[in-house]
Amino acid sequence: MAIERTEQVWLDGKLIPFDQATVPILTHTLHYGLGVFEGIRAYECDDGRSAVFQLREHTERLYQSALIVDIEIPFPLDETERAILQTLRVNRLSEGYIRPLAFLGEGAMGLLPADNPVHLAIITWPWGAYLGEEGLEQGIRAKVSSYTRHHPNVSMTKSKTCGEYVNSILAKREVTRLGYDEAVMLDTQGFVAEGSGENIFIVRRGVLKTPPLSSVLAGITRASVIAIARDKGIEVVEQTFTRDEFYTADEAFMTGTAAELTPIRELDDRKIGDGTRGPVTKTLQTTFFDAVHGRERKYEGWLTYY
Ligand code: PMP
């Protein structure tokens with residue numbers, strides 16, 4: 001489904017009408033995928049104000065992604081943060097999704113883009129539940145994809161690099177064509193890694209388990225949910241696990257900026273637990289949504305009001 005366009009896009013320091021935010025055909029990133037991006041959400045809070053969730057963490061990850069793939073974003077981090085807030089305000093978005101994108105422009109072609117300019121765009125749009133409202137309540141049906149997740153020494157996993165998402169798209173397309181909602185990807189050793197755009201958690205006997213950061217993106221929702229769980233006295237372990245351990249878990253869920261905290265009710269046609277949103281998942285999900293909507297004082301530091 002096409003996104004709903006907002007009025008303005010921030011591009012290289014200026015707000016311009018959405019329709020004018022276009023790129024030339026020789027834009028380097030368009031050909032080879034060397035660019036980095038972020039996905040951030042803003043929420044309307046219960047007191048009527050709006051806030052960006054974990055703005056600093058996301059902005060820092062954008063700059064770290066750029067460093068990993070050796071791109072220099074020609075704006076200081078603070079200015080990018082201010083630009084994100086400004087773009088939300090001019091578009092009068094009380095909540096929605098924010099997409100900063102750093103990409104290489106026109107110049108050299110081929111694989112040595114030494115002097116191509118680095119552009120920075122910030123695009124915002126309204127976006128509801130990524131895996132559906134029903135998914136948030138009932139859980140989704142996932143399938144292990146035949147595509148393996150990146151190896152850290154093939155294309156690295158800590159950077160949100162544009163071209164690396166081909167792997168995610170292949171996996172997501174493969175499983176949605178077969179009627180599932182989301183892909184689960186295994187790492188090169190066969191352990192559970194992550195979703196096409198989400199981190200994964202399982203629950204067994206009250207203990208939360210998630211793959212270590214060695215082969216997955218350091219999800220900001222993942223870190224937030226781990227903090228919430230530990231605050232509630234729930235034990236969290238970062239450990240590799242196999243798909244059969246996943247099948248036999250009591251509960252499972254995915255986390256991501258787009259997917260938020262979505263229960264997984266089935267993997268590869270096996271019901272997880274009793275096939276509904278489990279009690280630990282529900283507790284964490286409720287607190288997560290309380291945090292993003294400013295209902296939990298304890299997590300106010302995660303919000304930047306605008
Ligand atoms: N893994 C991948 C591959 C992703 O693209 C994302 C989305 N950014 C995540 C995990 C979840 O990260 P976050 O919670 O920071 O959105």
# chains A, B, ... in the order shown; residues from 1 in each chain; ligands from 1

call {"tool": "residues_around", "arguments": {"residues": "A:Leu26", "least_positions_apart": "4", "cutoff": "8 Å", "atoms": "only C-alpha atoms", "output": "ChimeraX atom specification"}}
result
/A:30-31,105-107,109

call {"tool": "residues_near_ligand", "arguments": {"ligand": "ligand 1", "cutoff": "10 Å", "atoms": "only C-alpha atoms and all ligand atoms", "output": "ChimeraX atom specification"}}
result
/A:37-41,54,57-58,61,149-150,157-162,164-165,167-168,185,193-200,215-225,254-261

call {"tool": "select_by_dssp", "arguments": {"residues": "stretch 48-107 of chain A", "states": "strand (DSSP E or B)", "output": "number ranges by chain"}}
result
A: 50-53, 96-104

call {"tool": "select_by_dssp", "arguments": {"residues": "stretch 31-272 of chain A", "states": "alpha helix (DSSP H)", "output": "VMD selection string"}}
result
chain A and resid 31 to 32 55 to 68 77 to 90 133 to 138 165 to 177 220 to 231 243 to 247

call {"tool": "residues_around", "arguments": {"residues": "A:Arg205", "least_positions_apart": "3", "cutoff": "9 Å", "atoms": "only C-alpha atoms", "output": "MDAnalysis selection string"}}
result
chainID A and resid 208 249:250

call {"tool": "write_last_selection", "arguments": {"atoms": "C-alpha atoms", "output": "mmCIF file, in the first residue's frame"}}
result
data_model
loop_
_atom_site.group_PDB
_atom_site.id
_atom_site.type_symbol
_atom_site.label_atom_id
_atom_site.label_comp_id
_atom_site.auth_asym_id
_atom_site.auth_seq_id
_atom_site.Cartn_x
_atom_site.Cartn_y
_atom_site.Cartn_z
ATOM 1 C CA LEU A 208 13.207 -14.087 28.113
ATOM 2 C CA ALA A 249 8.862 -21.905 23.499
ATOM 3 C CA ASP A 250 5.973 -20.834 25.731
#

call {"tool": "closest_residue", "arguments": {"among": "A:Ile272, A:Leu120, A:Met156, A:Leu213", "to": "A:Glu79", "atoms": "only C-alpha atoms"}}
result
A:Leu120

call {"tool": "closest_residue", "arguments": {"among": "A:His119, A:Arg49, A:Glu72, A:Thr59", "to": "A:Gly13", "atoms": "only C-alpha atoms"}}
result
A:His119

call {"tool": "atom_distance", "arguments": {"atom1": "atom CA of A:Arg295", "atom2": "atom CA of A:Cys45"}}
result
7.6 Å

call {"tool": "residues_around", "arguments": {"residues": "A:Arg204", "least_positions_apart": "6", "cutoff": "12 Å", "atoms": "only C-alpha atoms", "output": "ChimeraX atom specification"}}
result
/A:210,234-237,241,245-252,272-273,278-281

call {"tool": "write_last_selection", "arguments": {"atoms": "N, CA, C and O atoms", "output": "JSON list (two decimals), in the first residue's frame"}}
result
[["chain", "number", "residue", "atom", "x", "y", "z"],
["A", 210, "THR", "N", 16.85, -13.84, 23.81],
["A", 210, "THR", "CA", 16.96, -13.18, 22.50],
["A", 210, "THR", "C", 18.38, -13.44, 21.98],
["A", 210, "THR", "O", 19.32, -13.53, 22.77],
["A", 234, "ILE", "N", 12.03, -9.57, 35.31],
["A", 234, "ILE", "CA", 12.04, -10.72, 34.40],
["A", 234, "ILE", "C", 13.49, -10.96, 33.95],
["A", 234, "ILE", "O", 14.17, -10.02, 33.53],
["A", 235, "GLU", "N", 13.91, -12.20, 34.05],
["A", 235, "GLU", "CA", 15.28, -12.52, 33.65],
["A", 235, "GLU", "C", 15.40, -12.48, 32.12],
["A", 235, "GLU", "O", 14.52, -13.00, 31.41],
["A", 236, "VAL", "N", 16.46, -11.86, 31.63],
["A", 236, "VAL", "CA", 16.67, -11.78, 30.18],
["A", 236, "VAL", "C", 18.05, -12.36, 29.86],
["A", 236, "VAL", "O", 19.03, -11.95, 30.46],
["A", 237, "VAL", "N", 18.10, -13.31, 28.93],
["A", 237, "VAL", "CA", 19.40, -13.82, 28.50],
["A", 237, "VAL", "C", 19.58, -13.59, 27.00],
["A", 237, "VAL", "O", 18.64, -13.72, 26.22],
["A", 241, "PHE", "N", 19.81, -19.53, 19.96],
["A", 241, "PHE", "CA", 18.90, -20.68, 20.07],
["A", 241, "PHE", "C", 18.51, -21.15, 18.67],
["A", 241, "PHE", "O", 18.71, -20.43, 17.69],
["A", 245, "GLU", "N", 14.05, -24.94, 19.32],
["A", 245, "GLU", "CA", 13.81, -24.33, 20.64],
["A", 245, "GLU", "C", 12.72, -23.25, 20.51],
["A", 245, "GLU", "O", 11.89, -23.08, 21.42],
["A", 246, "PHE", "N", 12.71, -22.59, 19.40],
["A", 246, "PHE", "CA", 11.68, -21.57, 19.11],
["A", 246, "PHE", "C", 10.30, -22.26, 19.06],
["A", 246, "PHE", "O", 9.33, -21.80, 19.66],
["A", 247, "TYR", "N", 10.22, -23.40, 18.33],
["A", 247, "TYR", "CA", 8.93, -24.12, 18.21],
["A", 247, "TYR", "C", 8.36, -24.46, 19.58],
["A", 247, "TYR", "O", 7.15, -24.47, 19.77],
["A", 248, "THR", "N", 9.26, -24.80, 20.51],
["A", 248, "THR", "CA", 8.79, -25.32, 21.80],
["A", 248, "THR", "C", 8.76, -24.25, 22.89],
["A", 248, "THR", "O", 8.61, -24.56, 24.07],
["A", 249, "ALA", "N", 8.91, -22.98, 22.50],
["A", 249, "ALA", "CA", 8.86, -21.90, 23.50],
["A", 249, "ALA", "C", 7.43, -21.75, 24.03],
["A", 249, "ALA", "O", 6.46, -22.19, 23.40],
["A", 250, "ASP", "N", 7.31, -21.11, 25.18],
["A", 250, "ASP", "CA", 5.97, -20.83, 25.73],
["A", 250, "ASP", "C", 5.33, -19.64, 25.03],
["A", 250, "ASP", "O", 4.12, -19.56, 24.86],
["A", 251, "GLU", "N", 6.20, -18.68, 24.67],
["A", 251, "GLU", "CA", 5.71, -17.46, 24.01],
["A", 251, "GLU", "C", 6.82, -16.97, 23.10],
["A", 251, "GLU", "O", 8.00, -17.30, 23.30],
["A", 252, "ALA", "N", 6.45, -16.12, 22.14],
["A", 252, "ALA", "CA", 7.47, -15.49, 21.29],
["A", 252, "ALA", "C", 6.92, -14.16, 20.79],
["A", 252, "ALA", "O", 5.70, -13.99, 20.66],
["A", 272, "ILE", "N", 2.91, -21.66, 18.85],
["A", 272, "ILE", "CA", 3.84, -21.35, 19.95],
["A", 272, "ILE", "C", 2.99, -21.24, 21.22],
["A", 272, "ILE", "O", 2.05, -20.44, 21.27],
["A", 273, "GLY", "N", 3.32, -22.02, 22.22],
["A", 273, "GLY", "CA", 2.52, -22.03, 23.46],
["A", 273, "GLY", "C", 1.09, -22.40, 23.13],
["A", 273, "GLY", "O", 0.84, -23.37, 22.43],
["A", 278, "GLY", "N", 0.95, -14.37, 24.76],
["A", 278, "GLY", "CA", 1.18, -14.92, 26.10],
["A", 278, "GLY", "C", 1.23, -13.84, 27.17],
["A", 278, "GLY", "O", 1.32, -12.65, 26.86],
["A", 279, "PRO", "N", 1.18, -14.24, 28.44],
["A", 279, "PRO", "CA", 1.13, -13.27, 29.54],
["A", 279, "PRO", "C", 2.39, -12.39, 29.67],
["A", 279, "PRO", "O", 2.26, -11.19, 29.94],
["A", 280, "VAL", "N", 3.57, -12.96, 29.46],
["A", 280, "VAL", "CA", 4.78, -12.14, 29.57],
["A", 280, "VAL", "C", 4.81, -11.14, 28.41],
["A", 280, "VAL", "O", 5.09, -9.95, 28.58],
["A", 281, "THR", "N", 4.48, -11.64, 27.22],
["A", 281, "THR", "CA", 4.42, -10.78, 26.04],
["A", 281, "THR", "C", 3.45, -9.62, 26.28],
["A", 281, "THR", "O", 3.74, -8.46, 25.98]]

call {"tool": "residues_around", "arguments": {"residues": "stretch 16-19 of chain A", "least_positions_apart": "3", "cutoff": "8 Å", "atoms": "only C-alpha atoms", "output": "number ranges by chain"}}
result
A: 5-11, 22

call {"tool": "atom_distance", "arguments": {"atom1": "atom CA of A:Ile98", "atom2": "atom CA of A:Val69"}}
result
21.6 Å

call {"tool": "closest_residue", "arguments": {"among": "A:Ala183, A:Ile68, A:Leu136, A:Ala102", "to": "A:Pro117", "atoms": "only C-alpha atoms"}}
result
A:Ala102
